[in-house]
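Trainee: The structure file final-v5.txt (compact mmCIF, C-alpha atoms) is provided below.
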# COMPACT_ATOMS: atom_id res chain seq x y z
CA MET A 1 18.77 -83.45 -3.19
CA ARG A 2 18.25 -81.64 -6.47
CA ARG A 3 16.86 -83.43 -9.49
CA ALA A 4 18.94 -83.68 -12.63
CA ALA A 5 17.22 -82.53 -15.82
CA ILE A 6 18.17 -83.77 -19.28
CA VAL A 7 18.22 -80.95 -21.83
CA ALA A 8 18.68 -81.06 -25.63
CA PRO A 9 19.80 -84.67 -26.16
CA VAL A 10 21.04 -85.22 -29.72
CA ARG A 11 22.99 -87.76 -31.72
CA THR A 12 24.80 -88.02 -35.02
CA PRO A 13 23.79 -90.57 -37.64
CA SER A 14 25.60 -93.86 -37.15
CA GLY A 15 28.30 -94.70 -39.66
CA ILE A 16 29.42 -98.11 -40.87
CA GLU A 17 33.04 -99.21 -41.00
CA GLY A 18 34.46 -97.93 -44.27
CA GLY A 19 31.57 -95.46 -44.61
CA ALA A 20 31.45 -91.69 -44.67
CA LEU A 21 32.26 -91.25 -40.98
CA SER A 22 35.13 -93.73 -40.83
CA GLY A 23 37.91 -91.26 -41.56
CA MET A 24 36.66 -88.60 -39.19
CA PRO A 25 38.60 -88.00 -35.96
CA PRO A 26 36.64 -88.54 -32.74
CA GLU A 27 37.23 -84.87 -31.88
CA TRP A 28 35.18 -83.88 -34.90
CA LEU A 29 32.18 -86.03 -34.02
CA ALA A 30 32.37 -85.01 -30.37
CA SER A 31 32.60 -81.31 -31.27
CA THR A 32 29.65 -81.70 -33.63
CA VAL A 33 27.27 -83.02 -30.96
CA LEU A 34 28.56 -80.65 -28.28
CA SER A 35 27.99 -77.70 -30.61
CA ALA A 36 24.48 -78.94 -31.39
CA VAL A 37 23.63 -79.23 -27.69
CA ILE A 38 24.79 -75.67 -27.07
CA ASP A 39 22.93 -74.33 -30.11
CA ARG A 40 19.67 -76.15 -29.37
CA SER A 41 19.59 -75.31 -25.69
CA GLY A 42 20.67 -71.71 -26.22
CA ILE A 43 22.86 -71.83 -23.13
CA ASP A 44 25.76 -69.46 -22.67
CA PRO A 45 28.88 -71.68 -22.96
CA MET A 46 30.32 -69.80 -19.97
CA ARG A 47 27.62 -71.36 -17.77
CA ILE A 48 28.80 -74.89 -18.50
CA GLU A 49 31.00 -76.11 -15.65
CA ASP A 50 32.32 -79.49 -16.79
CA VAL A 51 32.23 -82.05 -19.60
CA ALA A 52 31.77 -85.79 -18.96
CA MET A 53 32.78 -87.70 -22.07
CA ALA A 54 32.73 -91.42 -22.83
CA TYR A 55 35.30 -92.69 -25.31
CA LEU A 56 36.62 -96.26 -25.35
CA ASP A 57 40.21 -96.39 -26.57
CA GLY A 58 42.73 -98.59 -24.81
CA GLY A 59 45.54 -96.20 -25.71
CA LEU A 60 43.91 -93.18 -24.16
CA ALA A 61 46.37 -90.74 -22.66
CA THR A 62 45.96 -88.93 -19.37
CA GLY A 63 46.77 -85.48 -18.06
CA PRO A 64 46.27 -82.49 -20.39
CA ALA A 65 44.61 -84.72 -23.00
CA LEU A 66 41.78 -85.35 -20.55
CA SER A 67 41.38 -81.81 -19.28
CA ARG A 68 41.14 -80.45 -22.81
CA LEU A 69 39.19 -83.46 -24.09
CA ARG A 70 41.64 -83.97 -26.93
CA LEU A 71 40.67 -87.52 -27.84
CA PRO A 72 43.54 -89.40 -29.50
CA THR A 73 43.25 -90.98 -32.91
CA PRO A 74 45.02 -94.26 -33.81
CA SER A 75 47.85 -92.22 -35.31
CA ALA A 76 49.17 -88.93 -34.00
CA PRO A 77 46.37 -86.33 -34.19
CA PRO A 78 46.91 -83.73 -36.87
CA PRO A 79 47.63 -80.21 -35.62
CA ALA A 80 44.45 -78.89 -37.23
CA VAL A 81 42.25 -81.05 -34.98
CA PRO A 82 41.03 -78.99 -32.01
CA PRO A 83 40.18 -80.55 -28.68
CA ALA A 84 36.55 -81.64 -28.65
CA ALA A 85 35.31 -79.11 -26.10
CA ARG A 86 37.34 -76.28 -27.60
CA GLY A 87 36.10 -77.13 -31.07
CA ALA A 88 32.54 -76.77 -29.79
CA GLY A 89 33.24 -73.26 -28.56
CA LEU A 90 33.57 -74.00 -24.85
CA PRO A 91 35.99 -71.67 -23.06
CA PHE A 92 39.35 -72.94 -21.83
CA ALA A 93 38.14 -72.60 -18.25
CA VAL A 94 35.79 -75.57 -18.76
CA PRO A 95 37.51 -78.83 -17.77
CA GLY A 96 36.55 -82.33 -18.85
CA PHE A 97 37.04 -85.97 -17.99
CA LEU A 98 36.53 -89.38 -19.56
CA THR A 99 34.48 -92.26 -18.21
CA ASP A 100 34.43 -95.94 -19.13
CA ARG A 101 31.83 -98.60 -18.37
CA ARG A 102 32.07 -100.70 -21.53
CA CYS A 103 28.86 -100.59 -23.60
CA GLY A 104 27.22 -98.39 -20.95
CA SER A 105 29.91 -95.71 -20.97
CA GLY A 106 27.68 -93.10 -22.61
CA LEU A 107 24.94 -93.72 -20.05
CA GLN A 108 27.53 -93.61 -17.27
CA ALA A 109 28.63 -90.18 -18.50
CA VAL A 110 25.04 -88.96 -18.05
CA ILE A 111 24.78 -90.60 -14.62
CA THR A 112 28.08 -89.12 -13.44
CA ALA A 113 27.03 -85.68 -14.65
CA ALA A 114 23.69 -86.14 -12.86
CA MET A 115 25.42 -87.04 -9.60
CA MET A 116 27.52 -83.88 -9.86
CA VAL A 117 24.35 -81.84 -10.33
CA GLN A 118 22.39 -83.62 -7.60
CA THR A 119 25.11 -83.11 -5.00
CA GLY A 120 25.68 -79.46 -5.85
CA ALA A 121 29.18 -79.94 -7.27
CA ALA A 122 27.95 -78.26 -10.46
CA ASP A 123 24.79 -76.75 -11.92
CA VAL A 124 25.38 -77.51 -15.60
CA VAL A 125 27.41 -80.37 -17.04
CA VAL A 126 27.63 -81.61 -20.62
CA ALA A 127 27.55 -85.39 -21.02
CA GLY A 128 28.67 -87.00 -24.26
CA GLY A 129 29.87 -90.19 -25.86
CA VAL A 130 31.79 -90.82 -29.08
CA GLU A 131 33.20 -93.79 -30.95
CA CYS A 132 35.20 -94.01 -34.13
CA ALA A 133 38.46 -95.64 -33.07
CA ALA A 134 39.62 -98.54 -35.24
CA ASN A 135 40.35 -100.75 -32.23
CA ALA A 136 36.69 -100.58 -31.19
CA VAL A 137 35.93 -102.95 -34.05
CA ALA A 138 38.47 -105.45 -32.75
CA ARG A 139 37.06 -105.16 -29.22
CA HIS A 140 33.53 -105.76 -30.45
CA GLU A 141 34.55 -108.76 -32.57
CA GLU A 142 36.51 -110.21 -29.65
CA SER A 143 33.46 -109.86 -27.42
CA ALA A 144 31.24 -111.45 -30.04
CA GLY A 145 33.63 -114.35 -30.46
CA GLY A 146 34.27 -114.99 -26.77
CA THR A 147 32.36 -115.33 -23.51
CA ASP A 148 29.48 -113.08 -24.54
CA LEU A 149 28.76 -115.15 -27.65
CA ARG A 150 28.86 -118.42 -25.74
CA ASN A 151 26.54 -116.92 -23.12
CA ALA A 152 24.13 -115.82 -25.85
CA GLU A 153 24.02 -119.36 -27.22
CA GLU A 154 23.45 -120.72 -23.72
CA LEU A 155 20.56 -118.27 -23.27
CA ALA A 156 19.06 -119.46 -26.55
CA ARG A 157 19.14 -123.05 -25.30
CA HIS A 158 17.91 -122.22 -21.80
CA TYR A 159 14.95 -120.11 -22.97
CA GLY A 160 14.18 -122.15 -26.06
CA ILE A 161 14.90 -119.35 -28.54
CA SER A 162 15.20 -120.59 -32.11
CA ARG A 163 17.23 -119.22 -34.99
CA ILE A 164 14.09 -118.06 -36.77
CA GLU A 165 12.93 -116.13 -33.67
CA ALA A 166 16.29 -114.36 -33.42
CA ASP A 167 16.21 -113.53 -37.14
CA GLN A 168 12.63 -112.27 -36.89
CA PHE A 169 13.64 -109.99 -34.03
CA ALA A 170 16.55 -108.64 -36.08
CA VAL A 171 14.33 -108.01 -39.10
CA ALA A 172 11.84 -106.20 -36.86
CA SER A 173 14.62 -103.94 -35.54
CA HIS A 174 15.58 -102.88 -39.07
CA ARG A 175 11.96 -102.37 -40.13
CA LYS A 176 11.10 -100.32 -37.05
CA ALA A 177 14.13 -98.09 -37.59
CA ALA A 178 13.31 -97.68 -41.30
CA ARG A 179 9.71 -96.81 -40.41
CA ALA A 180 10.94 -94.26 -37.85
CA TRP A 181 12.96 -92.53 -40.57
CA ARG A 182 10.03 -92.58 -43.00
CA GLN A 183 7.63 -91.16 -40.43
CA GLY A 184 10.03 -88.48 -39.20
CA ALA A 185 10.42 -89.92 -35.70
CA PHE A 186 14.20 -89.38 -35.80
CA ALA A 187 13.95 -85.81 -37.10
CA ALA A 188 14.35 -84.19 -33.68
CA GLU A 189 17.23 -86.29 -32.39
CA VAL A 190 19.60 -86.70 -35.35
CA ILE A 191 21.86 -83.82 -36.33
CA PRO A 192 23.61 -83.69 -39.72
CA VAL A 193 27.36 -84.18 -39.79
CA GLY A 194 29.54 -82.25 -42.19
CA VAL A 195 32.18 -84.39 -43.90
CA VAL A 196 35.21 -82.97 -45.66
CA ASP A 197 37.66 -84.62 -48.00
CA GLU A 198 40.81 -83.03 -46.63
CA PRO A 199 41.93 -82.68 -43.01
CA GLY A 200 41.24 -79.23 -41.64
CA TRP A 201 38.95 -79.99 -38.79
CA THR A 202 38.67 -76.50 -37.42
CA ASP A 203 34.90 -76.01 -37.35
CA PRO A 204 32.32 -78.62 -36.34
CA GLY A 205 29.64 -76.67 -38.20
CA LEU A 206 28.45 -77.36 -41.71
CA GLU A 207 29.26 -73.99 -43.22
CA GLY A 208 32.54 -73.86 -45.04
CA THR A 209 33.35 -77.53 -44.80
CA GLY A 210 33.67 -77.86 -48.54
CA GLY A 211 32.18 -81.33 -48.23
CA HIS A 212 28.79 -82.94 -47.84
CA ARG A 213 26.39 -83.79 -45.05
CA ILE A 214 25.54 -87.17 -43.57
CA LEU A 215 21.86 -87.08 -42.65
CA ARG A 216 20.83 -90.69 -42.12
CA ASP A 217 22.06 -93.79 -40.31
CA GLU A 218 24.29 -95.95 -42.47
CA GLY A 219 23.90 -99.72 -42.44
CA LEU A 220 20.12 -99.69 -41.99
CA LEU A 221 18.60 -102.50 -44.09
CA ASP A 222 14.99 -101.57 -44.79
CA ASP A 223 14.63 -104.45 -47.26
CA VAL A 224 16.06 -107.20 -45.05
CA SER A 225 14.00 -110.35 -44.52
CA THR A 226 14.25 -113.61 -42.62
CA TYR A 227 15.04 -115.25 -45.97
CA THR A 228 18.18 -113.17 -46.42
CA LEU A 229 19.25 -113.65 -42.81
CA ALA A 230 18.69 -117.40 -43.07
CA ALA A 231 21.53 -117.58 -45.58
CA LEU A 232 24.06 -116.45 -42.97
CA ARG A 233 26.13 -119.05 -41.16
CA PRO A 234 25.93 -119.17 -37.36
CA LEU A 235 29.06 -117.96 -35.58
CA LEU A 236 29.24 -121.22 -33.64
CA VAL A 237 28.49 -124.63 -35.09
CA ASN A 238 24.76 -125.39 -34.84
CA GLY A 239 24.32 -122.07 -33.08
CA VAL A 240 21.60 -119.40 -33.22
CA VAL A 241 23.69 -116.21 -33.33
CA THR A 242 24.77 -114.88 -36.72
CA ALA A 243 26.22 -111.59 -37.89
CA GLY A 244 22.67 -110.66 -38.90
CA ASN A 245 20.96 -111.03 -35.51
CA MET A 246 23.56 -109.25 -33.39
CA SER A 247 24.76 -105.67 -33.33
CA ALA A 248 27.63 -104.35 -35.43
CA HIS A 249 30.17 -101.66 -34.64
CA ARG A 250 29.29 -98.16 -35.80
CA HIS A 251 30.87 -94.71 -35.65
CA GLY A 252 28.87 -91.95 -33.99
CA ALA A 253 28.40 -89.57 -31.09
CA SER A 254 25.69 -88.32 -28.78
CA ALA A 255 25.45 -85.62 -26.11
CA CYS A 256 23.11 -83.67 -23.83
CA LEU A 257 23.06 -81.10 -21.06
CA VAL A 258 22.52 -82.27 -17.48
CA VAL A 259 21.17 -79.37 -15.41
CA ALA A 260 20.01 -78.82 -11.84
CA GLU A 261 16.23 -78.48 -11.81
CA ASP A 262 16.32 -75.30 -9.72
CA ARG A 263 18.55 -73.60 -12.31
CA LEU A 264 16.42 -74.29 -15.38
CA ILE A 265 14.34 -71.11 -15.25
CA ASP A 266 17.31 -68.83 -14.55
CA LEU A 267 19.19 -70.33 -17.46
CA GLY A 268 16.17 -70.32 -19.78
CA LEU A 269 16.43 -74.04 -20.43
CA VAL A 270 13.60 -76.43 -21.32
CA PRO A 271 14.06 -79.96 -19.94
CA MET A 272 13.07 -83.07 -21.85
CA ALA A 273 13.24 -85.48 -18.91
CA TYR A 274 14.54 -86.08 -15.41
CA LEU A 275 16.72 -88.90 -14.17
CA VAL A 276 14.66 -90.84 -11.64
CA GLY A 277 17.34 -93.34 -10.67
CA TRP A 278 19.92 -95.82 -11.87
CA ALA A 279 21.59 -99.04 -10.80
CA ALA A 280 24.43 -101.34 -11.80
CA ALA A 281 24.57 -104.96 -10.69
CA GLY A 282 26.17 -108.29 -11.48
CA CYS A 283 25.19 -111.93 -11.30
CA ASP A 284 26.70 -115.40 -11.01
CA SER A 285 28.40 -116.21 -14.31
CA ALA A 286 28.48 -119.98 -13.75
CA THR A 287 25.25 -120.41 -15.73
CA ALA A 288 23.50 -118.63 -18.59
CA THR A 289 23.09 -115.05 -17.39
CA LEU A 290 21.02 -112.03 -18.34
CA GLY A 291 23.52 -109.23 -17.84
CA ALA A 292 20.98 -106.40 -17.57
CA ALA A 293 18.36 -108.20 -15.46
CA PRO A 294 19.92 -107.70 -11.99
CA ALA A 295 20.43 -103.98 -12.61
CA VAL A 296 16.81 -103.54 -13.73
CA ALA A 297 15.49 -105.45 -10.71
CA LYS A 298 17.63 -103.37 -8.38
CA LEU A 299 16.56 -100.10 -10.00
CA LEU A 300 12.82 -100.82 -10.06
CA GLY A 301 12.96 -102.03 -6.47
CA ARG A 302 14.57 -98.79 -5.38
CA ALA A 303 12.16 -96.63 -7.38
CA GLY A 304 9.07 -98.57 -6.31
CA ILE A 305 7.89 -98.78 -9.92
CA ALA A 306 6.65 -101.87 -11.74
CA LEU A 307 7.53 -102.75 -15.30
CA ASP A 308 3.86 -102.31 -16.24
CA ASP A 309 4.09 -98.63 -15.20
CA ILE A 310 6.79 -97.91 -17.79
CA ASP A 311 5.79 -96.54 -21.18
CA LEU A 312 8.97 -97.31 -23.13
CA VAL A 313 11.62 -99.94 -22.54
CA GLU A 314 14.95 -99.72 -24.38
CA VAL A 315 17.30 -102.69 -24.14
CA ASN A 316 20.59 -102.62 -26.02
CA GLU A 317 20.47 -105.21 -28.80
CA GLY A 318 23.91 -106.73 -28.41
CA PHE A 319 22.39 -110.07 -29.39
CA ALA A 320 18.77 -110.66 -30.40
CA VAL A 321 18.63 -113.73 -28.15
CA GLU A 322 19.72 -111.60 -25.18
CA VAL A 323 16.76 -109.27 -25.57
CA LEU A 324 14.31 -112.11 -26.26
CA ALA A 325 15.56 -114.01 -23.19
CA LEU A 326 15.16 -110.90 -21.06
CA ALA A 327 11.60 -110.43 -22.34
CA ARG A 328 10.78 -114.04 -21.43
CA GLU A 329 12.31 -113.64 -18.00
CA TRP A 330 10.12 -110.59 -17.44
CA ASP A 331 7.07 -112.21 -19.08
CA PHE A 332 7.12 -109.17 -21.34
CA ASP A 333 5.81 -109.01 -24.91
CA PRO A 334 8.83 -108.00 -27.05
CA THR A 335 6.51 -106.33 -29.56
CA ASP A 336 5.03 -104.06 -26.89
CA ARG A 337 6.89 -100.90 -25.78
CA LEU A 338 10.29 -102.50 -26.39
CA ASN A 339 12.77 -100.78 -28.74
CA VAL A 340 9.88 -99.27 -30.68
CA ASN A 341 12.17 -97.53 -33.19
CA GLY A 342 14.70 -100.32 -33.47
CA SER A 343 18.02 -100.39 -31.68
CA ALA A 344 21.61 -101.57 -32.05
CA ILE A 345 20.94 -104.35 -34.57
CA ALA A 346 19.60 -101.75 -37.00
CA LEU A 347 21.18 -98.52 -35.77
CA GLY A 348 24.53 -100.00 -34.82
CA HIS A 349 26.68 -100.05 -31.71
CA PRO A 350 29.03 -97.04 -31.40
CA VAL A 351 30.42 -98.46 -28.17
CA GLY A 352 31.39 -95.24 -26.40
CA ALA A 353 28.17 -93.50 -27.43
CA THR A 354 25.64 -96.36 -27.34
CA GLY A 355 24.31 -95.71 -23.82
CA LEU A 356 23.67 -92.04 -24.57
CA ARG A 357 22.34 -92.79 -28.07
CA ILE A 358 19.74 -95.14 -26.60
CA MET A 359 18.74 -92.53 -24.02
CA THR A 360 18.46 -89.86 -26.70
CA THR A 361 16.20 -91.99 -28.91
CA MET A 362 14.05 -93.06 -25.97
CA LEU A 363 13.55 -89.56 -24.55
CA HIS A 364 12.60 -88.09 -27.93
CA GLU A 365 10.09 -90.89 -28.48
CA LEU A 366 8.73 -90.43 -24.95
CA SER A 367 8.24 -86.73 -25.64
CA ARG A 368 6.80 -87.33 -29.11
CA THR A 369 4.20 -89.85 -27.93
CA GLY A 370 3.35 -88.28 -24.59
CA GLY A 371 4.68 -91.07 -22.40
CA ASN A 372 5.78 -90.71 -18.80
CA TYR A 373 8.48 -93.21 -17.85
CA GLY A 374 11.30 -94.68 -19.94
CA LEU A 375 13.61 -97.49 -18.85
CA GLU A 376 17.04 -98.09 -20.41
CA ALA A 377 18.97 -101.31 -19.79
CA ILE A 378 22.39 -102.37 -21.10
CA ALA A 379 24.29 -105.59 -20.53
CA LEU A 380 27.93 -104.82 -19.78
CA GLY A 381 29.06 -108.28 -20.73
CA HIS A 382 27.38 -111.56 -19.86
CA ASP A 383 27.37 -111.18 -16.08
CA HIS A 384 26.60 -107.57 -15.19
CA GLY A 385 24.67 -104.59 -16.48
CA ILE A 386 23.44 -101.05 -15.92
CA ALA A 387 19.96 -99.53 -16.04
CA ALA A 388 18.47 -96.06 -15.72
CA LEU A 389 14.92 -94.75 -15.31
CA PHE A 390 13.83 -91.42 -16.76
CA GLU A 391 10.64 -89.40 -16.31
CA SER A 392 9.38 -87.17 -19.08
CA ALA A 393 9.29 -83.45 -18.36
CA GLY A 394 6.22 -83.13 -20.55
CA SER A 395 7.93 -80.96 -23.15
CA GLY A 396 10.12 -81.41 -26.15
CA PRO A 397 11.59 -79.65 -29.17
CA VAL A 398 9.40 -78.50 -32.02
CA VAL A 399 10.92 -79.91 -35.19
CA GLU A 400 9.68 -79.41 -38.72
CA THR A 401 8.23 -82.60 -40.14
CA PRO A 402 10.32 -83.79 -43.11
CA ARG A 403 8.62 -83.71 -46.48
CA GLY A 404 7.07 -87.01 -47.39
CA ALA A 405 6.81 -88.17 -43.76
CA ARG A 406 3.79 -90.34 -43.14
CA PHE A 407 2.12 -90.38 -39.76
CA HIS A 408 -0.62 -92.78 -38.78
CA GLY A 409 -3.08 -91.95 -36.04
CA ALA A 410 -3.51 -88.92 -33.83
CA ARG A 411 -1.00 -87.78 -31.25
CA PRO A 412 -2.12 -89.18 -27.88
CA ALA A 413 -2.87 -86.89 -24.97
CA ARG A 414 0.19 -86.22 -22.84
CA ARG A 415 0.29 -87.71 -19.37
CA LEU A 416 1.74 -85.32 -16.85
CA GLY A 417 4.61 -86.61 -14.72
CA ARG A 418 4.40 -86.71 -10.96
CA HIS A 419 6.52 -83.57 -10.65
CA ARG A 420 3.73 -81.65 -12.42
CA ALA A 421 0.85 -83.23 -10.59
Could you take the file, read its structure, and then write that structure out as structure tokens?
Mentor:
Amino acid sequence: MRRAAIVAPVRTPSGIEGGALSGMPPEWLASTVLSAVIDRSGIDPMRIEDVAMAYLDGGLATGPALSRLRLPTPSAPPPAVPPAARGAGLPFAVPGFLTDRRCGSGLQAVITAAMMVQTGAADVVVAGGVECAANAVARHEESAGGTDLRNAEELARHYGISRIEADQFAVASHRKAARAWRQGAFAAEVIPVGVVDEPGWTDPGLEGTGGHRILRDEGLLDDVSTYTLAALRPLLVNGVVTAGNMSAHRHGASACLVVAEDRLIDLGLVPMAYLVGWAAAGCDSATATLGAAPAVAKLLGRAGIALDDIDLVEVNEGFAVEVLALAREWDFDPTDRLNVNGSAIALGHPVGATGLRIMTTMLHELSRTGGNYGLEAIALGHDHGIAALFESAGSGPVVETPRGARFHGARPARRLGRHRA
């Protein structure tokens, strides 16, 4: 079976509710990342065979809306809004479909595209995820106020996680993300988004938008401290979880190419990583549960790889206590290899794009630091989760270092993956 290569993963900055990205249709964000993937990879759009897109909207239509990837907005979409794939310059012959696996939908889009490539159903598939629907906020708040929140509090009690530990973890997420921006670690993965004041969404590029560019994640608090978080009230009486130590909804998009390994040379594409394997699993919800743990155990068992062999571990920060409990279950130091550039607490949770955003950040960091294996894990609620293992291809994009970026230490020697041994 052919291996699936990940090529040119990118993401937009994340936008807060009421921020610069709030009024932008999902088609625009999706077209922006799809265009960036095509431009960075240099692929002929005619060689792309399908588009797997994650977008969580309960009112999503079917039929032509799916095949053209015209993602609906809360109100009727304006005529000037092109379908996402068409807006990115893909020909009408390229079909598309939507996938949904809650917080892991973006990762599921990559996995589905990989399965198409591995089985020979296609050679090149674009995978993407986008979120900017208003009802995503309501879904996230409902999740935070329901079973998932109660499970998080039960985890805190079961694993002895205090409020100060959860707040410290949240502060660390913000500081790591702020440091990554200062040091230029996000330079290769984040693409600017053109914002216009009037509807006329006919070009996802930045030229001729008549507006301005969003270059940096909104909502990142580089001056946050445990003192400021301590002033927040817990969401449940005498609880640990607050609005400050859990993720918040964001707007954003992410995308990549998924390509058959044996077609890379012919197409002139440079891979960043390969999908080693993935797994989804559930667990008994009668007690406090670690949603992502069963999927990780299943995946590592299949791959025959131990947690100690993995260079980077990325766990979605739905709740700080969730990640801390998982680290304790694994006997894993949360300051070592885990979410090294921050995650959803700092960078936000664009639900439909989160799984792919995490993968994008992890693969760029793996390439930048010369690591070999990266593990991504996402809880899909309190009682099940999804995980994926990636192997670095030993290459990555050359990106100009931003002015003023400060780097500490020398770049470590790259470890070659097993496919290059």
Trainee: Which one of A:Ala152, A:Ile310, A:Ala114, A:Val195 sits closest to Val323 of chain A if you count only C-alpha atoms?
Mentor: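 The answer is A:Ala152, which sits nearest to Val323 of chain A.
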Trainee: Which protein, DNA or RNA residues have an atom at most 10 Å from (18.2, -83.7, -13.7), counting only C-alpha atoms? List them as a VMD selection string.
Mentor: chain A and resid 2 to 7 110 to 111 113 to 115 117 to 118 123 to 124 257 to 262 264 271 to 276 390 to 391
Trainee: Might you pull out every residue within 8 Å of Ser392 of chain A, with only C-alpha atoms counted and same-chain residues fewer than 3 positions away left off, and present them as a list of chain:residue names?
Mentor: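 With the cut-off at 8 Å, the set is A:Met272, A:Ala273, A:Tyr274, A:Leu363, A:Leu366, A:Ser367, A:Gly371, A:Asn372, A:Tyr373, A:Gly374, A:Ser395, A:Gly417.
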Trainee: Give me the residues within 9 Å of Arg179 of chain A as a list in words, counting all atoms listed in the file and dropping any in the same chain fewer than 6 places off.
Mentor: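 The residues satisfying every condition are Ala185, Asp222 and Asn341 of chain A.
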Trainee: Tell me which of A:Thr32, A:Ser343, A:Asn238, A:Thr360 sits closest to Ser162 of chain A, counting all atoms listed in the file.
Mentor: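 Among the listed residues, the smallest separation from Ser162 of chain A belongs to A:Asn238.
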Trainee: Determine, using only C-alpha atoms, which residues of segment 352-378 of chain A have any atom at most 10 Å from an atom of segment 287-296 of chain A, and tabulate each with its shortest atom pair and distance in Å to one decimal place, rows ordered by chain and then rising number, as a Markdown table.
Mentor:
| residue | atom | partner | partner_atom | distance |
| --- | --- | --- | --- | --- |
| A:Leu375 | CA | A:Val296 | CA | 8.5 |
| A:Glu376 | CA | A:Val296 | CA | 8.6 |
| A:Ala377 | CA | A:Ala292 | CA | 5.9 |
| A:Ile378 | CA | A:Ala292 | CA | 5.5 |
Trainee: Taking only C-alpha atoms into account, which of A:Gly282, A:Ile43, A:Leu235, A:Ala36 comes nearest Ile265 of chain A?
Mentor: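 Selected residue with least distance to Ile265 of chain A: A:Ile43.
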Trainee: So how far away is atom CA of Trp181 of chain A from atom CA of Asp217 of chain A, in Å?
Mentor: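 Straight-line distance from atom CA of Asp217 of chain A to atom CA of Trp181 of chain A works out to 9.2 Å.
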Trainee: Atom CA of Ala353 of chain A and atom CA of Asp331 of chain A, how far apart in Å?
Mentor: 29.4 Å
Trainee: Please return the centre and edge lengths, in Å to one decimal, of a box with edges along x, y and z that contains all listed atoms of segment 221-227 of chain A, widened by 4 Å on every side, as JSON.
Mentor:
{"center_x": 16.3, "center_y": -108.4, "center_z": -44.9, "size_x": 12.6, "size_y": 21.7, "size_z": 12.6}
Trainee: Between atom CA of Asp309 of chain A and atom CA of Gly370 of chain A, what distance in Å does the model show, to one decimal?
Mentor: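 Answer for the atom CA of Asp309 of chain A to atom CA of Gly370 of chain A separation: 14.0 Å.
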Trainee: Using only C-alpha atoms, which residue out of A:Gly355, A:Gly106, A:Pro334, A:Gly277 lies closest to Met53 of chain A?
Mentor: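 That would be A:Gly106, the residue with the smallest distance to Met53 of chain A.
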Trainee: Using all atoms listed in the file, which residue out of A:Leu220, A:Val190, A:Val33, A:Val240 lies closest to Arg175 of chain A?
Mentor: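 Between A:Leu220, A:Val190, A:Val33, A:Val240, the residue approaching Arg175 of chain A most closely is A:Leu220.
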Trainee: Starting from the incomplete input, reconstruct N, CA and C atoms of segment 271-283 of chain A and write that as a JSON list (two decimals), in the coordinates of the input.
Mentor:
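As written to disk, part-v6.json reads:
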[["chain", "number", "residue", "atom", "x", "y", "z"],
["A", 271, "PRO", "N", 13.64, -78.56, -20.11],
["A", 271, "PRO", "CA", 14.06, -79.96, -19.94],
["A", 271, "PRO", "C", 13.22, -80.91, -20.79],
["A", 272, "MET", "N", 13.81, -82.02, -21.17],
["A", 272, "MET", "CA", 13.07, -83.07, -21.85],
["A", 272, "MET", "C", 12.68, -84.18, -20.88],
["A", 273, "ALA", "N", 13.52, -84.41, -19.88],
["A", 273, "ALA", "CA", 13.24, -85.48, -18.91],
["A", 273, "ALA", "C", 14.07, -85.25, -17.67],
["A", 274, "TYR", "N", 13.77, -86.07, -16.65],
["A", 274, "TYR", "CA", 14.54, -86.08, -15.41],
["A", 274, "TYR", "C", 15.02, -87.50, -15.13],
["A", 275, "LEU", "N", 16.22, -87.60, -14.59],
["A", 275, "LEU", "CA", 16.72, -88.90, -14.17],
["A", 275, "LEU", "C", 16.07, -89.27, -12.85],
["A", 276, "VAL", "N", 15.32, -90.38, -12.85],
["A", 276, "VAL", "CA", 14.66, -90.84, -11.64],
["A", 276, "VAL", "C", 15.61, -91.65, -10.78],
["A", 277, "GLY", "N", 16.41, -92.51, -11.41],
["A", 277, "GLY", "CA", 17.34, -93.34, -10.67],
["A", 277, "GLY", "C", 18.11, -94.24, -11.61],
["A", 278, "TRP", "N", 19.11, -94.91, -11.06],
["A", 278, "TRP", "CA", 19.92, -95.82, -11.87],
["A", 278, "TRP", "C", 20.49, -96.90, -10.96],
["A", 279, "ALA", "N", 20.97, -97.96, -11.56],
["A", 279, "ALA", "CA", 21.59, -99.04, -10.80],
["A", 279, "ALA", "C", 22.51, -99.85, -11.71],
["A", 280, "ALA", "N", 23.56, -100.38, -11.13],
["A", 280, "ALA", "CA", 24.43, -101.34, -11.80],
["A", 280, "ALA", "C", 24.53, -102.56, -10.90],
["A", 281, "ALA", "N", 24.54, -103.73, -11.49],
["A", 281, "ALA", "CA", 24.57, -104.96, -10.69],
["A", 281, "ALA", "C", 25.14, -106.09, -11.52],
["A", 282, "GLY", "N", 25.64, -107.11, -10.83],
["A", 282, "GLY", "CA", 26.17, -108.29, -11.48],
["A", 282, "GLY", "C", 25.43, -109.53, -11.06],
["A", 283, "CYS", "N", 25.84, -110.67, -11.62],
["A", 283, "CYS", "CA", 25.19, -111.93, -11.30],
["A", 283, "CYS", "C", 26.20, -113.07, -11.44]]
